[in-house]
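Student: Quick one: structure below, then a few questions.
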2 protein chains.
Amino acid sequence: VAGAPEPTIAWDEASGTIRFIDQTLLPERYEVVSADSVERLIHAIMRLEVRGAPALGVAGGMGVALAAQRSRAATRETFLREVEEAGAELAAARPTAVNLSWGVNRVLARVRDAPDPSSARHAAIREAILMAGEDLAACMRMGDHGAGLIPDGATVLTHCNAGALACTGWGTALGVIRSAVLAGKRVQVIACETRPLFQGARLTAWELSRDGIPVTVIPDGAAASLMRRGRIDLVIVGADRITRDAVFNKVGTYMHAVCAMHHGIPFYVAAPRSTFDPLSLEGGVIVEERAREEVSRCGDCILVPDGARVENPAFDSTPLSLVSAIVTEDGILRPPYRFGGERPG
Amino acid sequence: VAGAPEPTIAWDEASGTIRFIDQTLLPERYEVVSADSVERLIHAIMRLEVRGAPALGVAGGMGVALAAQRSRAATRETFLREVEEAGAELAAARPTAVNLSWGVNRVLARVRDAPDPSSARHAAIREAILMAGEDLAACMRMGDHGAGLIPDGATVLTHCNAGALACTGWGTALGVIRSAVLAGKRVQVIACETRPLFQGARLTAWELSRDGIPVTVIPDGAAASLMRRGRIDLVIVGADRITRDAVFNKVGTYMHAVCAMHHGIPFYVAAPRSTFDPLSLEGGVIVEERAREEVSRCGDCILVPDGARVENPAFDSTPLSLVSAIVTEDGILRPPYRFGGERPG
């Protein structure tokens, strides 16, 4: 139950580039591509070739390492300015997921600490690869902690892709499911297709069916009706940012949380500590509005006439009052949530 | 505010065929096609060239008229058998919307009452055209009754297409909106795109923007988030069948009803009396399961890998406890609902 034949994103030491699975091509084509410049990486992040909050954290860190490696600056000052500018551009590529700027800042701190450009390059690359390893380890620990939430024989609803493809490997929400399956439980998954970009249909269904975990794709709007008919035992999703009062995740998550509450079904979130932003409140977070064409066209089909407007927010926010528990690498958090000083159980 | 340049479906007396807008081609192409056989009409119904509960009622009635007109049976017995077989096939083309069999049975009754095939043909055609007129009149009366539910300046959320394209003209849910606009109110509409077949994006957005009514298309999963942010004043949808305990409508309707209740937003249904099935209960209704490909492909795009299952129910059911009011041609019904003996207010 590994999700993909190789890591979703990795530092390629031989070529000094970042290798990643181009997720826009799945499920039709599995293709590993590489970025040899920060510009190419930013393009990949904006196009969602690489996506998912934890993977974006690693991408941000590796992007800074790439900038450090490629810089030809002669002085420490010029070098630092170049790398910091690259970091700022990377962090701005997508505004909502906090992991991206977290990853950028983590590697930038190593760069700033180093006495000269050469040692900064080594420190940056080491830190970026370390982050990838820690991300995978965090997912495995989340799986250990969260597997107990999934009963044997359960049908689990998920939204978007919080899987191996959203991380270095294993996954957050899907990692919890994988760990339950690894522990011998029978689990089947209902994957909401996740409009407009179909990450549930294209990515979650692809990686779970590769692993032999039974998965059924439904239109997003069919989830509540399955809950009403007793078909769903629990909901588990990932997160892009967890503020002191709300969970930001792919648009559609909030309606599942409301409907789960209405039907008395547990609603869980799985996310590493790097997704937490305990100093912020919901109202202060910018929700990325994406292009009209993601909604108005699909392949060669025109879906919306020119005379109509389109709103395409990438995320929504779910108040913590609707969240039954949050699975982290350090344990399971339960209400009342008090991030910061909180000790996970 | 007329919705379409000609009726969604009409009897063409010159050629003795049924003319209708092929709704699978919108919004890219507006094309009126015709059916000169019951087989062609059934094909059109199954492909959703013609769709929407009230329009299906008219189509069912006109289909029986077409069968009567085309029959070459020499005896009354053979004639009746042929027409009744055609009626049974028409009624089975889509199982959930009650209007289809209602329309079939209404014209079949005229055929059975007639003393001979020739007068049966005339009676059938007359009845079918009468039904089309009554359908348009019912929509106008629904609009009169329902317009008062829509405050000036309101933003109204709707799902699927309950518009002129779902009826002979004007519409049920969108008819209420049109009537409010005709009465001078400023109204804007949020149209949920309505996966998998995008009737909201393709049809509702098309007919409202043609009429100059501001319309914004959103992914279905974004509706709850707009409700949470105070952006939605009320929800109004159509219906495919209203039993004694529930409203069957396009899949996704139920989640809007749950989320509207959660946010204290009124949830209205607009439907003519022909949509009511007061002798049935929710559990006895067959929900049409449609083809995998509607979900797994879009144009030239493959959205679901072969290894994953798909569920594609066309409808869901909303318990009447979540419905704030039902607009009919006879007035507005409010809880507690007691269909059958009930007097609308």
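Chain labels A, B, ... are given in the sequence in which chains occur in the structure tokens; within each chain residues are numbered consecutively from 1, and ligands are likewise numbered from 1 in the order shown.
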For Thr158 of chain B, find every residue with an atom within 8 Å (counting only C-alpha atoms), except residues of its own chain fewer than 6 positions away, and show them as an MDAnalysis selection string.

Tutor: chainID B and resid 173 189:192 235:237

Student: Write the selection just made, keeping C-alpha atoms, as a JSON list (two decimals), in the first residue's frame?

Tutor:
[["chain", "number", "residue", "atom", "x", "y", "z"],
["B", 173, "ALA", "CA", -38.09, 27.48, -9.63],
["B", 189, "VAL", "CA", -28.97, 33.89, -9.01],
["B", 190, "ILE", "CA", -26.23, 31.53, -7.87],
["B", 191, "ALA", "CA", -26.49, 28.49, -10.16],
["B", 192, "CYS", "CA", -24.84, 25.32, -8.86],
["B", 235, "VAL", "CA", -32.77, 28.40, -1.97],
["B", 236, "ILE", "CA", -35.37, 27.40, -4.55],
["B", 237, "VAL", "CA", -35.35, 24.21, -6.61]]

Student: Within 12 Å of segment 290-310 of chain A, which residues of segment 52-157 of chain A come that close, and what is the closest atom pair and distance in Å for each? Count only C-alpha atoms and give it as a tab-separated table.

Tutor:
residue	atom	partner	partner_atom	distance
A:Ala93	CA	A:Arg290	CA	11.9
A:Arg94	CA	A:Arg290	CA	10.0
A:Pro95	CA	A:Arg290	CA	11.1
A:Thr96	CA	A:Arg290	CA	11.6

Student: Residues of chain B no more than 8 Å from chain A, counting only C-alpha atoms: send them over as a PyMOL selection string.

Tutor: chain B and resi 27-28+194-196+198+201-202+205-206+209-210+214-225+251-255+258-259+262+295-296+298-305+307-313+316-317

Student: For the selection just defined, write its residues with N, CA and C atoms to a file, as a compact mmCIF listing (two decimals), in the first residue's frame.

Tutor:
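Final file, again_26.txt:
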# COMPACT_ATOMS: atom_id res chain seq x y z
N PRO B 27 -24.49 24.94 -23.74
CA PRO B 27 -24.73 26.28 -24.29
C PRO B 27 -24.00 26.53 -25.61
N GLU B 28 -23.34 25.51 -26.14
CA GLU B 28 -22.55 25.76 -27.36
C GLU B 28 -23.43 25.99 -28.57
N THR B 194 -24.13 21.59 -11.03
CA THR B 194 -24.91 20.35 -11.08
C THR B 194 -24.21 19.23 -11.84
N ARG B 195 -23.26 18.63 -11.13
CA ARG B 195 -22.62 17.43 -11.67
C ARG B 195 -23.59 16.27 -11.58
N PRO B 196 -23.44 15.28 -12.49
CA PRO B 196 -22.40 15.20 -13.52
C PRO B 196 -22.74 15.87 -14.85
N PHE B 198 -24.07 18.92 -15.56
CA PHE B 198 -23.89 20.37 -15.66
C PHE B 198 -25.14 21.12 -16.11
N ALA B 201 -24.84 24.76 -14.94
CA ALA B 201 -23.86 25.56 -15.70
C ALA B 201 -24.33 25.77 -17.14
N ARG B 202 -24.80 24.69 -17.75
CA ARG B 202 -25.12 24.75 -19.19
C ARG B 202 -26.47 25.39 -19.47
N ALA B 205 -27.64 28.79 -16.45
CA ALA B 205 -26.84 29.98 -16.76
C ALA B 205 -27.19 30.51 -18.14
N TRP B 206 -27.45 29.63 -19.08
CA TRP B 206 -27.80 30.05 -20.44
C TRP B 206 -29.12 30.79 -20.47
N SER B 209 -28.98 34.18 -18.34
CA SER B 209 -28.18 35.26 -18.91
C SER B 209 -28.81 35.78 -20.20
N ARG B 210 -29.49 34.92 -20.96
CA ARG B 210 -30.27 35.40 -22.12
C ARG B 210 -31.31 36.42 -21.71
N PRO B 214 -28.83 38.46 -13.67
CA PRO B 214 -27.44 38.15 -13.31
C PRO B 214 -27.32 36.76 -12.71
N VAL B 215 -26.39 35.98 -13.25
CA VAL B 215 -26.24 34.60 -12.79
C VAL B 215 -24.76 34.26 -12.67
N THR B 216 -24.42 33.61 -11.56
CA THR B 216 -23.05 33.19 -11.29
C THR B 216 -23.04 31.68 -11.07
N VAL B 217 -22.17 31.00 -11.80
CA VAL B 217 -22.06 29.54 -11.67
C VAL B 217 -20.99 29.20 -10.65
N ILE B 218 -21.30 28.25 -9.77
CA ILE B 218 -20.31 27.77 -8.79
C ILE B 218 -20.27 26.25 -8.83
N PRO B 219 -19.15 25.65 -8.42
CA PRO B 219 -19.15 24.20 -8.21
C PRO B 219 -20.15 23.87 -7.10
N ASP B 220 -20.80 22.71 -7.20
CA ASP B 220 -21.83 22.34 -6.22
C ASP B 220 -21.30 22.43 -4.79
N GLY B 221 -20.02 22.04 -4.63
CA GLY B 221 -19.45 22.00 -3.29
C GLY B 221 -19.18 23.36 -2.67
N ALA B 222 -19.34 24.43 -3.43
CA ALA B 222 -19.08 25.77 -2.89
C ALA B 222 -20.32 26.40 -2.28
N ALA B 223 -21.48 25.77 -2.44
CA ALA B 223 -22.73 26.40 -2.00
C ALA B 223 -22.76 26.63 -0.49
N ALA B 224 -22.38 25.61 0.28
CA ALA B 224 -22.48 25.72 1.74
C ALA B 224 -21.60 26.85 2.26
N SER B 225 -20.43 26.99 1.64
CA SER B 225 -19.50 28.02 2.05
C SER B 225 -20.08 29.42 1.78
N VAL B 251 -29.72 14.96 -7.90
CA VAL B 251 -28.76 14.66 -6.83
C VAL B 251 -27.97 15.93 -6.48
N GLY B 252 -27.82 16.15 -5.19
CA GLY B 252 -27.19 17.37 -4.70
C GLY B 252 -28.19 18.27 -3.98
N THR B 253 -29.47 18.12 -4.34
CA THR B 253 -30.51 18.95 -3.71
C THR B 253 -30.53 18.75 -2.20
N TYR B 254 -30.41 17.49 -1.77
CA TYR B 254 -30.52 17.19 -0.33
C TYR B 254 -29.44 17.91 0.48
N MET B 255 -28.21 17.92 -0.04
CA MET B 255 -27.15 18.60 0.74
C MET B 255 -27.44 20.09 0.86
N VAL B 258 -29.98 20.42 3.70
CA VAL B 258 -29.35 20.26 5.02
C VAL B 258 -28.57 21.52 5.38
N CYS B 259 -27.80 22.03 4.43
CA CYS B 259 -26.96 23.20 4.71
C CYS B 259 -27.82 24.45 4.89
N HIS B 262 -29.08 24.30 8.35
CA HIS B 262 -27.99 24.59 9.29
C HIS B 262 -27.75 26.10 9.40
N VAL B 295 -19.96 10.27 -15.23
CA VAL B 295 -19.06 10.75 -14.18
C VAL B 295 -17.59 10.57 -14.59
N SER B 296 -17.30 9.47 -15.26
CA SER B 296 -15.89 9.09 -15.46
C SER B 296 -15.25 9.77 -16.66
N CYS B 298 -15.44 13.37 -19.43
CA CYS B 298 -16.06 14.63 -19.81
C CYS B 298 -15.41 15.04 -21.12
N GLY B 299 -16.18 15.02 -22.19
CA GLY B 299 -15.60 15.28 -23.49
C GLY B 299 -14.48 14.29 -23.74
N ASP B 300 -13.28 14.81 -24.01
CA ASP B 300 -12.15 13.93 -24.30
C ASP B 300 -11.33 13.59 -23.05
N CYS B 301 -11.77 14.00 -21.88
CA CYS B 301 -10.99 13.77 -20.64
C CYS B 301 -11.44 12.51 -19.92
N ILE B 302 -10.49 11.71 -19.48
CA ILE B 302 -10.77 10.58 -18.60
C ILE B 302 -10.58 11.06 -17.17
N LEU B 303 -11.64 10.95 -16.37
CA LEU B 303 -11.61 11.52 -15.02
C LEU B 303 -11.46 10.46 -13.94
N VAL B 304 -11.83 9.22 -14.22
CA VAL B 304 -11.78 8.16 -13.21
C VAL B 304 -11.00 6.99 -13.80
N PRO B 305 -10.00 6.48 -13.05
CA PRO B 305 -9.26 5.33 -13.57
C PRO B 305 -10.15 4.07 -13.60
N GLY B 307 -9.78 1.19 -12.47
CA GLY B 307 -9.82 0.37 -11.26
C GLY B 307 -10.82 0.83 -10.21
N ALA B 308 -11.42 1.98 -10.40
CA ALA B 308 -12.34 2.51 -9.40
C ALA B 308 -13.79 2.34 -9.85
N ARG B 309 -14.68 2.07 -8.91
CA ARG B 309 -16.11 2.03 -9.19
C ARG B 309 -16.66 3.46 -9.25
N VAL B 310 -17.86 3.58 -9.80
CA VAL B 310 -18.56 4.87 -9.84
C VAL B 310 -20.00 4.64 -9.41
N GLU B 311 -20.54 5.52 -8.61
CA GLU B 311 -21.99 5.55 -8.38
C GLU B 311 -22.51 6.85 -8.94
N ASN B 312 -23.61 6.76 -9.68
CA ASN B 312 -24.16 7.92 -10.36
C ASN B 312 -25.68 7.97 -10.26
N PRO B 313 -26.19 8.16 -9.04
CA PRO B 313 -27.65 8.28 -8.90
C PRO B 313 -28.11 9.62 -9.46
N ASP B 316 -31.76 12.58 -5.56
CA ASP B 316 -31.77 12.24 -4.14
C ASP B 316 -33.10 12.69 -3.57
N SER B 317 -33.33 12.39 -2.31
CA SER B 317 -34.61 12.73 -1.70
C SER B 317 -34.37 13.56 -0.45

Student: Identify which of the residues A:Pro272, A:Gly61, A:Gly133, A:Pro151 lies closest to Ala239 of chain A, counting only C-alpha atoms when measuring atom-to-atom distances.

Tutor: A:Pro272

Student: Leaving out Ile326 of chain B and any residue of its chain fewer than 5 positions from it, which residues lie within 10 Å of it when counting only C-alpha atoms, given as number ranges by chain?

Tutor: B: 142, 146, 236-239, 242, 247, 267-272, 320, 331-335, 337, 344

Student: Go ahead and write the residues just picked, N, CA and C atoms, as a compact mmCIF listing (two decimals), in the first residue's frame.

Tutor:
# COMPACT_ATOMS: atom_id res chain seq x y z
N MET B 142 -47.56 29.56 -10.73
CA MET B 142 -46.53 29.32 -9.71
C MET B 142 -45.71 30.59 -9.49
N GLY B 146 -45.31 32.47 -6.07
CA GLY B 146 -43.99 32.35 -5.44
C GLY B 146 -43.20 33.65 -5.39
N ILE B 236 -34.15 27.91 -3.92
CA ILE B 236 -35.37 27.40 -4.55
C ILE B 236 -34.99 26.42 -5.65
N VAL B 237 -35.64 25.27 -5.64
CA VAL B 237 -35.35 24.21 -6.61
C VAL B 237 -36.67 23.67 -7.15
N GLY B 238 -36.58 22.89 -8.21
CA GLY B 238 -37.74 22.18 -8.73
C GLY B 238 -37.87 20.82 -8.06
N ALA B 239 -38.65 19.95 -8.67
CA ALA B 239 -38.82 18.60 -8.12
C ALA B 239 -39.16 17.64 -9.24
N ILE B 242 -42.84 14.39 -5.73
CA ILE B 242 -43.06 14.73 -4.32
C ILE B 242 -43.98 13.68 -3.72
N VAL B 247 -39.15 15.07 -1.10
CA VAL B 247 -39.04 15.66 -2.44
C VAL B 247 -37.87 15.00 -3.16
N PHE B 267 -35.64 27.14 2.41
CA PHE B 267 -35.44 26.18 1.32
C PHE B 267 -36.81 25.90 0.69
N TYR B 268 -37.00 26.41 -0.54
CA TYR B 268 -38.30 26.30 -1.21
C TYR B 268 -38.23 25.33 -2.38
N VAL B 269 -39.37 24.69 -2.65
CA VAL B 269 -39.54 23.82 -3.81
C VAL B 269 -40.68 24.40 -4.64
N ALA B 270 -40.50 24.45 -5.97
CA ALA B 270 -41.57 24.88 -6.86
C ALA B 270 -41.89 23.74 -7.81
N ALA B 271 -43.14 23.31 -7.81
CA ALA B 271 -43.52 22.17 -8.65
C ALA B 271 -45.02 22.18 -8.90
N PRO B 272 -45.41 21.80 -10.12
CA PRO B 272 -46.84 21.73 -10.40
C PRO B 272 -47.46 20.49 -9.75
N LEU B 320 -39.51 16.16 3.90
CA LEU B 320 -40.31 17.39 3.92
C LEU B 320 -39.98 18.26 5.13
N GLY B 331 -51.18 27.60 -5.22
CA GLY B 331 -50.83 28.39 -4.04
C GLY B 331 -49.61 27.81 -3.36
N ILE B 332 -49.32 28.34 -2.19
CA ILE B 332 -48.12 27.94 -1.46
C ILE B 332 -48.50 27.00 -0.33
N LEU B 333 -47.88 25.83 -0.32
CA LEU B 333 -48.09 24.87 0.77
C LEU B 333 -47.02 25.08 1.82
N ARG B 334 -47.43 25.03 3.10
CA ARG B 334 -46.48 25.19 4.19
C ARG B 334 -46.65 24.05 5.18
N PRO B 335 -45.60 23.78 5.98
CA PRO B 335 -45.71 22.70 6.95
C PRO B 335 -46.78 23.01 7.99
N TYR B 337 -47.23 19.53 6.08
CA TYR B 337 -47.78 19.17 4.77
C TYR B 337 -48.75 17.99 4.91
N PRO B 344 -54.43 24.54 -0.47
CA PRO B 344 -53.32 25.51 -0.49
C PRO B 344 -53.78 26.89 -0.06

Student: Could you give me, as a list of chain:residue names, the residues within 9 Å of Arg110 of chain A, counting only C-alpha atoms and dropping anything in the same chain fewer than 3 positions from it?

Tutor: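 Final neighbour list, sorted by chain and number: A:Asn105, A:Arg106, A:Val107, A:Asp113, A:Ala114, A:Ala120, A:Ala123, A:Ala124, A:Glu127.
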
Student: Write the selection just made, keeping all heavy atoms, as an mmCIF file, in the first residue's frame?

Tutor:
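As a result, again26.cif now contains:
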data_model
loop_
_atom_site.group_PDB
_atom_site.id
_atom_site.type_symbol
_atom_site.label_atom_id
_atom_site.label_comp_id
_atom_site.auth_asym_id
_atom_site.auth_seq_id
_atom_site.Cartn_x
_atom_site.Cartn_y
_atom_site.Cartn_z
ATOM 1 N N ASN A 105 10.348 29.117 4.437
ATOM 2 C CA ASN A 105 11.017 29.788 5.558
ATOM 3 C C ASN A 105 11.981 28.869 6.293
ATOM 4 O O ASN A 105 13.019 29.315 6.781
ATOM 5 C CB ASN A 105 9.971 30.351 6.527
ATOM 6 C CG ASN A 105 9.243 31.541 5.918
ATOM 7 O OD1 ASN A 105 9.816 32.263 5.112
ATOM 8 N ND2 ASN A 105 7.984 31.718 6.289
ATOM 9 N N ARG A 106 11.633 27.594 6.349
ATOM 10 C CA ARG A 106 12.496 26.669 7.060
ATOM 11 C C ARG A 106 13.860 26.553 6.374
ATOM 12 O O ARG A 106 14.906 26.581 7.035
ATOM 13 C CB ARG A 106 11.810 25.289 7.150
ATOM 14 C CG ARG A 106 12.587 24.306 7.962
ATOM 15 C CD ARG A 106 11.786 23.055 8.268
ATOM 16 N NE ARG A 106 12.720 21.937 8.407
ATOM 17 C CZ ARG A 106 12.387 20.712 8.774
ATOM 18 N NH1 ARG A 106 11.124 20.423 9.050
ATOM 19 N NH2 ARG A 106 13.287 19.758 8.867
ATOM 20 N N VAL A 107 13.853 26.453 5.065
ATOM 21 C CA VAL A 107 15.130 26.334 4.352
ATOM 22 C C VAL A 107 15.831 27.697 4.279
ATOM 23 O O VAL A 107 17.065 27.783 4.379
ATOM 24 C CB VAL A 107 14.936 25.698 2.964
ATOM 25 C CG1 VAL A 107 16.245 25.658 2.191
ATOM 26 C CG2 VAL A 107 14.386 24.275 3.120
ATOM 27 N N ASP A 113 21.617 31.263 8.145
ATOM 28 C CA ASP A 113 22.549 30.885 9.213
ATOM 29 C C ASP A 113 23.957 30.587 8.691
ATOM 30 O O ASP A 113 24.919 30.625 9.462
ATOM 31 C CB ASP A 113 22.044 29.629 9.948
ATOM 32 C CG ASP A 113 20.849 29.950 10.840
ATOM 33 O OD1 ASP A 113 20.581 31.146 11.056
ATOM 34 O OD2 ASP A 113 20.192 28.997 11.307
ATOM 35 N N ALA A 114 24.041 30.232 7.390
ATOM 36 C CA ALA A 114 25.333 29.762 6.882
ATOM 37 C C ALA A 114 26.299 30.933 6.685
ATOM 38 O O ALA A 114 25.884 32.039 6.329
ATOM 39 C CB ALA A 114 25.117 29.030 5.555
ATOM 40 N N ALA A 120 25.943 27.487 2.532
ATOM 41 C CA ALA A 120 24.495 27.706 2.486
ATOM 42 C C ALA A 120 23.830 26.735 1.513
ATOM 43 O O ALA A 120 22.762 26.193 1.785
ATOM 44 C CB ALA A 120 24.192 29.145 2.074
ATOM 45 N N ALA A 123 23.706 23.347 3.154
ATOM 46 C CA ALA A 123 22.725 23.338 4.248
ATOM 47 C C ALA A 123 21.298 23.332 3.698
ATOM 48 O O ALA A 123 20.419 22.650 4.235
ATOM 49 C CB ALA A 123 22.943 24.555 5.147
ATOM 50 N N ALA A 124 21.090 24.088 2.608
ATOM 51 C CA ALA A 124 19.738 24.174 2.034
ATOM 52 C C ALA A 124 19.304 22.828 1.462
ATOM 53 O O ALA A 124 18.174 22.372 1.683
ATOM 54 C CB ALA A 124 19.697 25.252 0.951
ATOM 55 N N GLU A 127 18.641 20.351 4.257
ATOM 56 C CA GLU A 127 17.392 20.645 4.959
ATOM 57 C C GLU A 127 16.177 20.231 4.115
ATOM 58 O O GLU A 127 15.208 19.676 4.644
ATOM 59 C CB GLU A 127 17.313 22.143 5.277
ATOM 60 C CG GLU A 127 16.182 22.535 6.200
ATOM 61 C CD GLU A 127 16.429 22.125 7.659
ATOM 62 O OE1 GLU A 127 17.573 21.709 7.980
ATOM 63 O OE2 GLU A 127 15.481 22.203 8.459
#

Student: Quote the spacing between atom CA of Leu56 of chain B and atom CA of Phe79 of chain B in Å to one decimal place.

Tutor: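 According to the coordinates, atom CA of Leu56 of chain B and atom CA of Phe79 of chain B are separated by 23.9 Å.
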
Student: So that I can check the surroundings of Leu279 of chain B, please list as a list in words every protein, DNA and RNA residue that reaches within 10 Å of it, counting only C-alpha atoms and ignoring chain neighbours fewer than 5 positions away.

Tutor: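 After dropping sequence-adjacent residues, the list is Ile242, Thr243, Arg244, Phe339 and Gly340 of chain B.
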
Student: Restricting the output to all heavy atoms, write the selected residues as a PDB file, in the first residue's frame.

Tutor:
ATOM      1  N   ILE B 242     -42.841  14.387  -5.726  1.00  0.00           N
ATOM      2  CA  ILE B 242     -43.064  14.734  -4.323  1.00  0.00           C
ATOM      3  C   ILE B 242     -43.984  13.682  -3.717  1.00  0.00           C
ATOM      4  O   ILE B 242     -45.161  13.599  -4.072  1.00  0.00           O
ATOM      5  CB  ILE B 242     -43.675  16.150  -4.190  1.00  0.00           C
ATOM      6  CG1 ILE B 242     -42.724  17.186  -4.821  1.00  0.00           C
ATOM      7  CG2 ILE B 242     -43.906  16.484  -2.712  1.00  0.00           C
ATOM      8  CD1 ILE B 242     -43.265  18.614  -4.833  1.00  0.00           C
ATOM      9  N   THR B 243     -43.400  12.856  -2.866  1.00  0.00           N
ATOM     10  CA  THR B 243     -44.207  11.827  -2.195  1.00  0.00           C
ATOM     11  C   THR B 243     -44.782  12.414  -0.908  1.00  0.00           C
ATOM     12  O   THR B 243     -44.582  13.586  -0.597  1.00  0.00           O
ATOM     13  CB  THR B 243     -43.347  10.593  -1.860  1.00  0.00           C
ATOM     14  OG1 THR B 243     -42.315  10.996  -0.947  1.00  0.00           O
ATOM     15  CG2 THR B 243     -42.704  10.019  -3.109  1.00  0.00           C
ATOM     16  N   ARG B 244     -45.462  11.577  -0.126  1.00  0.00           N
ATOM     17  CA  ARG B 244     -46.102  12.080   1.090  1.00  0.00           C
ATOM     18  C   ARG B 244     -45.064  12.561   2.100  1.00  0.00           C
ATOM     19  O   ARG B 244     -45.389  13.311   3.023  1.00  0.00           O
ATOM     20  CB  ARG B 244     -46.967  10.983   1.708  1.00  0.00           C
ATOM     21  CG  ARG B 244     -48.230  11.502   2.337  1.00  0.00           C
ATOM     22  CD  ARG B 244     -49.329  10.470   2.346  1.00  0.00           C
ATOM     23  NE  ARG B 244     -48.987   9.311   3.150  1.00  0.00           N
ATOM     24  CZ  ARG B 244     -49.186   8.051   2.774  1.00  0.00           C
ATOM     25  NH1 ARG B 244     -49.712   7.799   1.586  1.00  0.00           N
ATOM     26  NH2 ARG B 244     -48.871   7.054   3.560  1.00  0.00           N
ATOM     27  N   PHE B 339     -50.671  16.267   1.988  1.00  0.00           N
ATOM     28  CA  PHE B 339     -51.088  16.238   0.585  1.00  0.00           C
ATOM     29  C   PHE B 339     -52.349  15.408   0.453  1.00  0.00           C
ATOM     30  O   PHE B 339     -52.565  14.452   1.161  1.00  0.00           O
ATOM     31  CB  PHE B 339     -49.996  15.654  -0.314  1.00  0.00           C
ATOM     32  CG  PHE B 339     -48.692  16.373  -0.158  1.00  0.00           C
ATOM     33  CD1 PHE B 339     -47.501  15.679  -0.200  1.00  0.00           C
ATOM     34  CD2 PHE B 339     -48.660  17.742   0.043  1.00  0.00           C
ATOM     35  CE1 PHE B 339     -46.299  16.322  -0.058  1.00  0.00           C
ATOM     36  CE2 PHE B 339     -47.454  18.403   0.186  1.00  0.00           C
ATOM     37  CZ  PHE B 339     -46.263  17.685   0.143  1.00  0.00           C
ATOM     38  N   GLY B 340     -53.135  15.758  -0.566  1.00  0.00           N
ATOM     39  CA  GLY B 340     -54.354  15.006  -0.823  1.00  0.00           C
ATOM     40  C   GLY B 340     -55.515  15.888  -0.418  1.00  0.00           C
ATOM     41  O   GLY B 340     -56.100  16.589  -1.241  1.00  0.00           O
TER      42      GLY B 340
END

Student: Write out as a list of chain:residue names each polymer residue whose atoms come within 9 Å of segment 81-84 of chain A, counting only C-alpha atoms; drop sequence neighbours fewer than 3 positions from it.

Tutor: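 These residues fall inside the cut-off: A:Val64, A:Ala65, A:Leu66, A:Ala67, A:Ala68, A:Ser71, A:Ala73, A:Arg76, A:Glu77, A:Thr78, A:Gly87, A:Ala88, A:Glu89, A:Leu108, A:Val111.
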
Student: Write out as a list in words each polymer residue whose atoms come within 10 Å of Leu149 of chain A, counting only C-alpha atoms; drop sequence neighbours fewer than 4 positions from it.

Tutor: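 What passes the distance filter is His145, Val176, Ile177, Ala180, Leu234, Ile236, Pro266, Tyr268, Ala325, Val327 and Ile332 of chain A.
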
Student: Write the selection just made, keeping N, CA, C and O atoms, as a JSON list (two decimals), in the first residue's frame?

Tutor:
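What follows is the written file part21.json:
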[["chain", "number", "residue", "atom", "x", "y", "z"],
["A", 145, "HIS", "N", -1.43, 6.76, 14.65],
["A", 145, "HIS", "CA", -2.37, 7.36, 15.60],
["A", 145, "HIS", "C", -3.81, 7.26, 15.10],
["A", 145, "HIS", "O", -4.72, 6.98, 15.88],
["A", 176, "VAL", "N", -3.95, 7.53, 6.92],
["A", 176, "VAL", "CA", -4.67, 6.92, 8.03],
["A", 176, "VAL", "C", -5.42, 5.68, 7.53],
["A", 176, "VAL", "O", -5.40, 4.62, 8.18],
["A", 177, "ILE", "N", -6.05, 5.81, 6.36],
["A", 177, "ILE", "CA", -6.76, 4.65, 5.78],
["A", 177, "ILE", "C", -5.76, 3.54, 5.45],
["A", 177, "ILE", "O", -5.98, 2.37, 5.75],
["A", 180, "ALA", "N", -4.71, 1.72, 8.52],
["A", 180, "ALA", "CA", -5.77, 0.83, 9.00],
["A", 180, "ALA", "C", -5.78, -0.46, 8.17],
["A", 180, "ALA", "O", -5.92, -1.56, 8.71],
["A", 234, "LEU", "N", -17.70, 7.24, 8.55],
["A", 234, "LEU", "CA", -16.95, 8.40, 9.01],
["A", 234, "LEU", "C", -16.41, 9.15, 7.80],
["A", 234, "LEU", "O", -16.33, 8.62, 6.70],
["A", 236, "ILE", "N", -13.06, 11.51, 6.60],
["A", 236, "ILE", "CA", -11.72, 11.99, 6.94],
["A", 236, "ILE", "C", -11.15, 12.75, 5.75],
["A", 236, "ILE", "O", -11.23, 12.29, 4.61],
["A", 266, "PRO", "N", -18.90, 10.92, 12.48],
["A", 266, "PRO", "CA", -17.66, 11.61, 12.85],
["A", 266, "PRO", "C", -16.99, 12.25, 11.63],
["A", 266, "PRO", "O", -16.96, 11.67, 10.54],
["A", 268, "TYR", "N", -13.34, 13.76, 10.68],
["A", 268, "TYR", "CA", -11.95, 13.85, 11.11],
["A", 268, "TYR", "C", -11.10, 14.61, 10.09],
["A", 268, "TYR", "O", -11.35, 14.56, 8.89],
["A", 325, "ALA", "N", -12.20, 15.28, 15.55],
["A", 325, "ALA", "CA", -10.83, 15.09, 16.03],
["A", 325, "ALA", "C", -9.87, 15.46, 14.91],
["A", 325, "ALA", "O", -10.23, 15.44, 13.73],
["A", 327, "VAL", "N", -6.06, 14.41, 13.54],
["A", 327, "VAL", "CA", -4.96, 13.46, 13.65],
["A", 327, "VAL", "C", -3.67, 14.16, 13.24],
["A", 327, "VAL", "O", -3.58, 14.69, 12.13],
["A", 332, "ILE", "N", -3.65, 12.47, 18.61],
["A", 332, "ILE", "CA", -4.99, 12.88, 18.19],
["A", 332, "ILE", "C", -5.46, 14.03, 19.07],
["A", 332, "ILE", "O", -5.48, 13.91, 20.29]]
